[in-house]
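Source file entry25.cif; content: mmCIF, C-alpha atoms.
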data_target
#
loop_
_atom_site.label_atom_id
_atom_site.label_comp_id
_atom_site.auth_asym_id
_atom_site.auth_seq_id
_atom_site.Cartn_x
_atom_site.Cartn_y
_atom_site.Cartn_z
CA MET H 1 -106.69 -78.08 -188.04
CA ARG H 2 -106.47 -78.81 -191.75
CA ASN H 3 -109.26 -80.38 -193.77
CA ILE H 4 -108.11 -83.74 -195.21
CA LYS H 5 -111.24 -84.40 -197.29
CA ASN H 6 -109.35 -83.83 -200.55
CA ASP H 7 -106.40 -85.97 -199.38
CA ILE H 8 -108.40 -89.18 -198.95
CA LEU H 9 -107.13 -91.70 -201.52
CA TYR H 10 -109.29 -94.67 -200.43
CA GLU H 11 -111.87 -95.23 -197.73
CA ASP H 12 -114.25 -97.99 -196.63
CA ASN H 13 -115.49 -99.44 -193.32
CA HIS H 14 -112.13 -101.09 -192.59
CA ILE H 15 -109.35 -98.79 -193.77
CA VAL H 16 -108.65 -95.24 -194.89
CA VAL H 17 -105.63 -94.19 -196.98
CA VAL H 18 -104.52 -90.55 -196.75
CA ASN H 19 -102.11 -88.57 -198.94
CA LYS H 20 -99.82 -87.14 -196.26
CA LYS H 21 -98.42 -83.63 -196.64
CA PRO H 22 -94.73 -83.05 -195.79
CA SER H 23 -95.68 -81.04 -192.68
CA ASP H 24 -97.82 -83.82 -191.17
CA ILE H 25 -96.63 -86.06 -188.35
CA ILE H 26 -98.19 -89.53 -188.22
CA GLN H 27 -98.29 -89.84 -184.43
CA GLY H 28 -97.89 -87.33 -181.61
CA ASP H 29 -94.36 -86.20 -180.74
CA LYS H 30 -92.56 -83.61 -178.61
CA THR H 31 -93.65 -80.77 -180.93
CA GLY H 32 -97.21 -81.11 -179.66
CA ASP H 33 -98.55 -80.67 -183.21
CA MET H 34 -101.76 -82.54 -183.97
CA PRO H 35 -100.83 -85.80 -185.73
CA LEU H 36 -102.43 -87.05 -188.92
CA SER H 37 -103.86 -90.04 -187.02
CA GLU H 38 -105.90 -87.62 -184.84
CA ILE H 39 -106.89 -85.42 -187.80
CA THR H 40 -108.12 -88.56 -189.61
CA LYS H 41 -110.02 -89.65 -186.49
CA LEU H 42 -111.81 -86.28 -186.32
CA TYR H 43 -112.56 -86.43 -190.07
CA LEU H 44 -114.20 -89.87 -189.62
CA LYS H 45 -116.07 -88.79 -186.49
CA GLU H 46 -117.51 -85.76 -188.27
CA LYS H 47 -118.27 -87.48 -191.58
CA TYR H 48 -120.14 -90.39 -190.02
CA ASN H 49 -121.52 -88.40 -187.05
CA LYS H 50 -120.07 -90.92 -184.63
CA PRO H 51 -120.54 -90.45 -180.87
CA GLY H 52 -117.66 -91.23 -178.50
CA ASN H 53 -114.19 -92.36 -179.54
CA VAL H 54 -113.38 -93.31 -183.13
CA PHE H 55 -110.81 -96.05 -183.82
CA CYS H 56 -107.96 -95.07 -186.15
CA GLY H 57 -104.97 -97.41 -185.95
CA VAL H 58 -101.53 -96.47 -187.31
CA VAL H 59 -100.30 -99.20 -189.68
CA HIS H 60 -96.99 -97.66 -190.83
CA ARG H 61 -95.19 -94.32 -190.69
CA LEU H 62 -93.54 -91.78 -192.95
CA ASP H 63 -90.92 -89.32 -191.71
CA ARG H 64 -92.32 -85.83 -191.13
CA PRO H 65 -90.67 -84.18 -194.20
CA VAL H 66 -91.86 -87.03 -196.49
CA SER H 67 -95.20 -86.97 -198.34
CA GLY H 68 -97.46 -89.67 -199.74
CA ALA H 69 -99.82 -92.57 -199.11
CA VAL H 70 -100.37 -93.70 -195.51
CA ILE H 71 -102.76 -96.45 -194.39
CA PHE H 72 -104.86 -96.16 -191.23
CA ALA H 73 -107.03 -99.00 -189.92
CA ARG H 74 -110.64 -98.25 -188.92
CA THR H 75 -111.05 -101.47 -186.89
CA SER H 76 -108.77 -103.46 -184.60
CA LYS H 77 -109.28 -106.53 -186.83
CA ALA H 78 -108.03 -104.63 -189.89
CA LEU H 79 -105.10 -103.23 -187.87
CA SER H 80 -103.87 -106.64 -186.66
CA ARG H 81 -104.17 -108.12 -190.17
CA LEU H 82 -102.35 -105.18 -191.78
CA ASN H 83 -99.60 -105.37 -189.15
CA GLU H 84 -99.13 -109.05 -189.99
CA MET H 85 -99.06 -108.26 -193.73
CA LEU H 86 -96.45 -105.58 -193.11
CA ARG H 87 -94.33 -108.05 -191.15
CA LYS H 88 -94.53 -110.54 -194.05
CA HIS H 89 -93.72 -107.79 -196.64
CA GLU H 90 -97.13 -108.25 -198.26
CA ILE H 91 -97.75 -104.49 -198.55
CA HIS H 92 -95.76 -103.39 -201.60
CA LYS H 93 -94.55 -99.78 -201.61
CA LYS H 94 -92.96 -97.61 -204.28
CA TYR H 95 -91.55 -94.15 -203.68
CA TRP H 96 -90.42 -91.27 -205.83
CA ALA H 97 -87.25 -89.39 -204.90
CA VAL H 98 -85.83 -86.27 -206.56
CA VAL H 99 -82.04 -86.40 -206.20
CA GLU H 100 -79.24 -83.94 -206.91
CA GLN H 101 -76.86 -86.36 -208.62
CA LYS H 102 -77.52 -88.67 -211.55
CA PRO H 103 -77.07 -92.33 -210.53
CA LYS H 104 -74.27 -94.17 -212.35
CA ASN H 105 -76.67 -96.95 -213.38
CA LYS H 106 -80.21 -96.53 -214.72
CA ASN H 107 -81.42 -99.08 -212.20
CA GLY H 108 -79.95 -101.02 -209.35
CA HIS H 109 -80.41 -103.11 -206.21
CA LEU H 110 -78.96 -101.67 -202.98
CA LEU H 111 -78.14 -103.83 -199.98
CA HIS H 112 -76.65 -102.25 -196.86
CA TYR H 113 -76.59 -102.76 -193.11
CA LEU H 114 -77.91 -99.79 -191.16
CA ARG H 115 -77.57 -98.82 -187.53
CA LYS H 116 -79.75 -96.14 -185.95
CA ASN H 117 -78.35 -93.50 -183.63
CA PRO H 118 -81.41 -92.55 -181.52
CA LYS H 119 -79.79 -89.44 -180.02
CA GLN H 120 -79.21 -87.97 -183.49
CA ASN H 121 -82.38 -89.54 -184.97
CA LYS H 122 -80.15 -90.64 -187.85
CA SER H 123 -79.08 -93.96 -189.37
CA TYR H 124 -75.66 -94.94 -190.71
CA VAL H 125 -74.37 -97.54 -193.14
CA VAL H 126 -72.19 -99.98 -191.18
CA LYS H 127 -70.45 -103.30 -191.81
CA GLU H 128 -72.46 -106.52 -191.73
CA GLY H 129 -72.29 -108.03 -188.25
CA THR H 130 -72.04 -104.66 -186.48
CA GLU H 131 -74.01 -104.73 -183.23
CA GLY H 132 -77.51 -103.35 -183.75
CA ALA H 133 -77.21 -103.33 -187.55
CA LEU H 134 -80.23 -104.27 -189.66
CA LYS H 135 -80.25 -105.42 -193.27
CA ALA H 136 -81.73 -102.82 -195.66
CA GLU H 137 -82.69 -103.54 -199.26
CA LEU H 138 -84.27 -101.55 -202.05
CA LYS H 139 -84.45 -101.41 -205.84
CA TYR H 140 -84.28 -98.14 -207.75
CA GLN H 141 -84.90 -96.99 -211.31
CA HIS H 142 -83.98 -93.63 -212.87
CA ILE H 143 -87.22 -92.67 -214.61
CA ALA H 144 -86.87 -88.95 -215.55
CA SER H 145 -84.49 -85.97 -215.57
CA SER H 146 -84.76 -82.17 -215.53
CA ASP H 147 -81.88 -79.79 -216.19
CA LYS H 148 -80.84 -79.97 -212.51
CA TYR H 149 -82.51 -82.98 -210.89
CA TYR H 150 -83.17 -86.68 -211.38
CA LEU H 151 -86.32 -88.61 -210.53
CA LEU H 152 -85.89 -92.11 -209.12
CA GLU H 153 -88.59 -94.69 -208.46
CA ILE H 154 -87.77 -96.85 -205.46
CA GLU H 155 -89.22 -100.20 -204.49
CA LEU H 156 -88.74 -100.76 -200.79
CA LEU H 157 -87.90 -104.36 -199.89
CA THR H 158 -87.35 -103.74 -196.16
CA GLY H 159 -88.59 -100.99 -193.86
CA ARG H 160 -85.73 -99.48 -191.87
CA HIS H 161 -85.35 -96.11 -190.18
CA HIS H 162 -84.64 -93.42 -192.83
CA GLN H 163 -83.73 -96.28 -195.18
CA ILE H 164 -84.23 -94.61 -198.58
CA ARG H 165 -82.56 -91.41 -197.41
CA VAL H 166 -79.46 -93.21 -196.09
CA GLN H 167 -79.05 -95.68 -198.93
CA LEU H 168 -79.44 -93.10 -201.71
CA ALA H 169 -77.06 -90.68 -199.94
CA ASN H 170 -74.56 -93.51 -199.56
CA MET H 171 -74.45 -93.97 -203.36
CA GLY H 172 -74.05 -90.21 -203.89
CA CYS H 173 -77.69 -89.47 -204.76
CA ILE H 174 -78.79 -87.14 -201.96
CA ILE H 175 -82.51 -86.35 -201.86
CA LYS H 176 -83.30 -82.69 -202.57
CA GLY H 177 -83.75 -80.76 -199.33
CA ASP H 178 -82.47 -83.54 -197.07
CA LEU H 179 -79.95 -81.60 -194.96
CA LYS H 180 -79.67 -84.48 -192.48
CA TYR H 181 -78.12 -86.70 -195.16
CA GLY H 182 -75.99 -84.16 -197.00
CA ALA H 183 -78.16 -81.83 -199.09
CA LYS H 184 -76.56 -78.43 -199.66
CA ARG H 185 -79.72 -76.49 -198.80
CA SER H 186 -83.12 -77.13 -197.27
CA ASN H 187 -86.50 -76.75 -198.97
CA LYS H 188 -88.39 -73.62 -197.89
CA ASP H 189 -91.21 -75.66 -196.35
CA ALA H 190 -88.80 -78.04 -194.53
CA SER H 191 -89.93 -80.93 -196.77
CA ILE H 192 -87.64 -83.30 -198.61
CA HIS H 193 -88.37 -84.52 -202.15
CA LEU H 194 -89.32 -88.05 -201.14
CA HIS H 195 -92.87 -89.20 -201.79
CA ALA H 196 -94.71 -92.47 -201.09
CA ARG H 197 -96.21 -92.80 -204.55
CA TYR H 198 -97.77 -96.26 -204.74
CA LEU H 199 -99.26 -98.95 -202.48
CA ASP H 200 -100.37 -102.40 -203.57
CA PHE H 201 -101.84 -104.94 -201.15
CA ILE H 202 -104.70 -107.37 -200.60
CA HIS H 203 -107.53 -105.78 -198.62
CA PRO H 204 -107.28 -107.18 -195.07
CA VAL H 205 -111.02 -107.99 -194.85
CA LYS H 206 -112.50 -107.99 -198.38
CA LYS H 207 -109.49 -109.88 -199.82
CA THR H 208 -109.59 -107.82 -203.03
CA ASP H 209 -106.46 -106.34 -204.61
CA LEU H 210 -105.94 -102.65 -203.85
CA SER H 211 -103.60 -100.43 -205.88
CA ILE H 212 -103.38 -96.84 -204.68
CA LEU H 213 -101.56 -93.92 -206.33
CA ALA H 214 -100.74 -90.70 -204.48
CA ASN H 215 -99.89 -87.51 -206.38
CA PRO H 216 -96.88 -85.58 -205.04
CA PRO H 217 -97.32 -82.15 -203.41
CA LYS H 218 -97.69 -79.09 -205.63
CA ASP H 219 -94.30 -77.44 -206.12
CA PRO H 220 -92.34 -76.45 -209.26
CA ILE H 221 -90.06 -79.51 -209.26
CA TRP H 222 -92.75 -82.13 -208.64
CA ASP H 223 -95.04 -80.30 -211.10
CA TYR H 224 -92.32 -80.40 -213.77
CA PHE H 225 -91.84 -84.18 -213.49
CA VAL H 226 -95.58 -84.89 -213.39
CA ALA H 227 -96.31 -82.63 -216.39
CA ASN H 228 -93.37 -83.58 -218.60
CA HIS H 229 -92.60 -87.21 -217.92
CA LEU H 230 -95.41 -89.07 -216.20
#
Target format structure tokens, applied to this file:
Amino acid sequence: MRNIKNDILYEDNHIVVVNKKPSDIIQGDKTGDMPLSEITKLYLKEKYNKPGNVFCGVVHRLDRPVSGAVIFARTSKALSRLNEMLRKHEIHKKYWAVVEQKPKNKNGHLLHYLRKNPKQNKSYVVKEGTEGALKAELKYQHIASSDKYYLLEIELLTGRHHQIRVQLANMGCIIKGDLKYGAKRSNKDASIHLHARYLDFIHPVKKTDLSILANPPKDPIWDYFVANHL
């Protein structure tokens, strides 16, 4: 089990925010790997020497190959309030994506309708009105370039399955390493270059404003953008 002490971005009696690694799963799945929710639970249990079960509620998810800031609730009251905030789009999220193709416009607003295929665990852009289709919206900005790749900052306006991956691929900007949506080759560690960089929300109990930044994983491409542009 990995030690997440150095990945804690924020912690108090009500919530804990963890910088997820690309290999982490948020909740248990068929792989049987220990999920980040359980690792966080054990971290809290050990740190505070708590007997019995420790509460650690999952507020939102990131796909396994994606890294970045994830909120867990430490109380049921915080969890229900955060769930309601999520439903009302009161938790503002920004992502970084490294893509293989330069976008035609420096910034833009994407609106698509997406339908999930559960058997493939993949989503597709479909026509408005298609059965099972959900509206997906995001804003993007091209913020930096290297000799081979382009860094986009994405503001998520809705939270759909694989939304950023599908919408960027649909405009020809495939995320580095994302074989599922058209990348030419995978990353060695099975990650994709998509990172939940920034969270901004009102604390569910204290009612103070929280702004949380998560640094991307250490690798030559992320390191280049962090060192040279940000």
Sorted per-residue table, range 72-169 of chain H near range 197-219 of chain H, closest atoms and distance, 7 Å, all atoms listed in the file, as CSV:
residue,atom,partner,partner_atom,distance
H:Ala78,CA,H:Pro204,CA,5.8
H:Arg81,CA,H:Pro204,CA,5.9
H:Leu82,CA,H:Pro204,CA,6.3
H:Glu90,CA,H:Phe201,CA,6.4
H:Ile91,CA,H:Phe201,CA,4.9
H:His92,CA,H:Asp200,CA,5.1
H:Lys93,CA,H:Leu199,CA,4.9
H:Lys94,CA,H:Tyr198,CA,5.0
H:Tyr95,CA,H:Arg197,CA,4.9
H:Trp96,CA,H:Arg197,CA,6.1
Run the PyMOL selection byres ((chain H and resi 141-156) around 8) against the file shown and list the residues it catches, as a ChimeraX atom specification. /H:92-103,106-108,137-140,157-159,164,224-225,229
Exercise: Ser80 in chain H partners within 12 Å, all atoms listed in the file, chain neighbours under 3 positions left out, as a list in words: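 With the cut-off at 12 Å, the set is His14, Ile15, Gly57, Val58, Val59, Phe72, Ala73, Arg74, Thr75, Ser76, Lys77, Asn83, Glu84, Met85, Leu86, Arg87, Pro204 and Val205 of chain H.
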Between H:Ala136, H:Ile71, H:Leu194, H:Ile25, which is the closest to Arg160 in chain H once you count only C-alpha atoms? H:Ala136
Counting all atoms listed in the file, figure out which residue out of H:Asp63, H:Asp178, H:Glu11, H:Asp223 gets nearest to Ser23 in chain H. H:Asp63
Determine the residue membership of the PyMOL selection byres ((chain H and resi 64) around 12) for the file above and supply it as a PyMOL selection string. chain H and resi 20-29+31+33+35-36+61-63+65-68+162+178+189-195
Between CA of Val125 in chain H and CA of Tyr113 in chain H, what is the distance, to one decimal in Å? 5.7 Å
Can you tell me how far CA of Ala196 in chain H sits from CA of Leu44 in chain H, in Å to one decimal?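 Between these atoms lies a distance of 22.8 Å.
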Go through H:Lys135, H:Lys41, H:His60, H:Lys50 and flag the residue nearest Leu110 in chain H, using only C-alpha atoms for the distances.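 Once distances to Leu110 in chain H are computed over only C-alpha atoms, the minimum belongs to H:Lys135.
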Here is a test: counting only C-alpha atoms, which residue of H:Asn3, H:His161, H:Leu79, H:Met34 is nearest to Pro118 in chain H? H:His161
Length of the CA of Gly129 in chain H to CA of Asn170 in chain H vector [Å]: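 Answer for the CA of Gly129 in chain H to CA of Asn170 in chain H separation: 18.5 Å.
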Considering only C-alpha atoms, state which residue in the set H:Ala133, H:Ala69, H:Leu179, H:Leu114 is at the smallest distance from Tyr10 in chain H. H:Ala69
Where atoms are missing, can you supply N, CA and C atoms for range 142-176 of chain H and output the lot as a compact mmCIF listing (two decimals), in the frame of the given file?
# COMPACT_ATOMS: atom_id res chain seq x y z
N HIS H 142 -84.01 -95.04 -212.46
CA HIS H 142 -83.98 -93.63 -212.87
C HIS H 142 -85.02 -93.46 -213.97
N ILE H 143 -86.10 -92.71 -213.66
CA ILE H 143 -87.22 -92.67 -214.61
C ILE H 143 -87.37 -91.33 -215.35
N ALA H 144 -86.73 -90.25 -214.87
CA ALA H 144 -86.87 -88.95 -215.55
C ALA H 144 -85.76 -88.01 -215.08
N SER H 145 -85.50 -86.98 -215.90
CA SER H 145 -84.49 -85.97 -215.57
C SER H 145 -85.01 -84.58 -215.91
N SER H 146 -84.57 -83.58 -215.14
CA SER H 146 -84.76 -82.17 -215.53
C SER H 146 -83.36 -81.62 -215.78
N ASP H 147 -83.23 -80.32 -215.94
CA ASP H 147 -81.88 -79.79 -216.19
C ASP H 147 -81.00 -79.86 -214.94
N LYS H 148 -81.62 -79.96 -213.76
CA LYS H 148 -80.84 -79.97 -212.51
C LYS H 148 -81.03 -81.19 -211.65
N TYR H 149 -82.16 -81.90 -211.83
CA TYR H 149 -82.51 -82.98 -210.89
C TYR H 149 -82.88 -84.26 -211.62
N TYR H 150 -82.93 -85.35 -210.84
CA TYR H 150 -83.17 -86.68 -211.38
C TYR H 150 -84.25 -87.36 -210.53
N LEU H 151 -85.22 -87.95 -211.22
CA LEU H 151 -86.32 -88.61 -210.53
C LEU H 151 -86.08 -90.12 -210.50
N LEU H 152 -86.05 -90.68 -209.29
CA LEU H 152 -85.89 -92.11 -209.12
C LEU H 152 -87.18 -92.71 -208.57
N GLU H 153 -87.50 -93.91 -209.06
CA GLU H 153 -88.59 -94.69 -208.46
C GLU H 153 -87.95 -95.79 -207.63
N ILE H 154 -88.39 -95.91 -206.39
CA ILE H 154 -87.77 -96.85 -205.46
C ILE H 154 -88.79 -97.87 -204.99
N GLU H 155 -88.41 -99.12 -205.07
CA GLU H 155 -89.22 -100.20 -204.49
C GLU H 155 -88.57 -100.62 -203.19
N LEU H 156 -89.29 -100.45 -202.11
CA LEU H 156 -88.74 -100.76 -200.79
C LEU H 156 -88.93 -102.23 -200.49
N LEU H 157 -87.83 -102.93 -200.19
CA LEU H 157 -87.90 -104.36 -199.89
C LEU H 157 -87.83 -104.63 -198.39
N THR H 158 -87.33 -103.67 -197.62
CA THR H 158 -87.35 -103.74 -196.16
C THR H 158 -87.79 -102.37 -195.66
N GLY H 159 -88.14 -102.28 -194.40
CA GLY H 159 -88.59 -100.99 -193.86
C GLY H 159 -87.76 -100.56 -192.67
N ARG H 160 -86.64 -99.92 -192.94
CA ARG H 160 -85.73 -99.48 -191.87
C ARG H 160 -85.83 -97.97 -191.66
N HIS H 161 -85.34 -97.53 -190.52
CA HIS H 161 -85.35 -96.11 -190.18
C HIS H 161 -84.58 -95.29 -191.22
N HIS H 162 -85.25 -94.31 -191.83
CA HIS H 162 -84.64 -93.42 -192.83
C HIS H 162 -83.97 -94.18 -193.98
N GLN H 163 -84.45 -95.38 -194.26
CA GLN H 163 -83.73 -96.28 -195.18
C GLN H 163 -83.42 -95.67 -196.55
N ILE H 164 -84.45 -95.14 -197.22
CA ILE H 164 -84.23 -94.61 -198.58
C ILE H 164 -83.25 -93.45 -198.53
N ARG H 165 -83.42 -92.60 -197.54
CA ARG H 165 -82.56 -91.41 -197.41
C ARG H 165 -81.10 -91.79 -197.23
N VAL H 166 -80.84 -92.78 -196.37
CA VAL H 166 -79.46 -93.21 -196.09
C VAL H 166 -78.86 -93.92 -197.29
N GLN H 167 -79.61 -94.86 -197.86
CA GLN H 167 -79.05 -95.68 -198.93
C GLN H 167 -78.77 -94.86 -200.19
N LEU H 168 -79.68 -93.94 -200.53
CA LEU H 168 -79.44 -93.10 -201.71
C LEU H 168 -78.25 -92.16 -201.46
N ALA H 169 -78.19 -91.57 -200.26
CA ALA H 169 -77.06 -90.68 -199.94
C ALA H 169 -75.75 -91.44 -200.00
N ASN H 170 -75.77 -92.69 -199.58
CA ASN H 170 -74.56 -93.51 -199.56
C ASN H 170 -74.03 -93.77 -200.98
N MET H 171 -74.93 -93.77 -201.97
CA MET H 171 -74.45 -93.97 -203.36
C MET H 171 -74.26 -92.63 -204.08
N GLY H 172 -74.32 -91.53 -203.31
CA GLY H 172 -74.05 -90.21 -203.89
C GLY H 172 -75.26 -89.50 -204.44
N CYS H 173 -76.46 -90.07 -204.23
CA CYS H 173 -77.69 -89.47 -204.76
C CYS H 173 -78.51 -88.91 -203.59
N ILE H 174 -78.12 -87.74 -203.12
CA ILE H 174 -78.79 -87.14 -201.96
C ILE H 174 -80.15 -86.58 -202.38
N ILE H 175 -81.16 -86.83 -201.56
CA ILE H 175 -82.51 -86.35 -201.86
C ILE H 175 -82.57 -84.83 -201.68
N LYS H 176 -83.21 -84.16 -202.63
CA LYS H 176 -83.30 -82.69 -202.57
C LYS H 176 -83.93 -82.26 -201.25
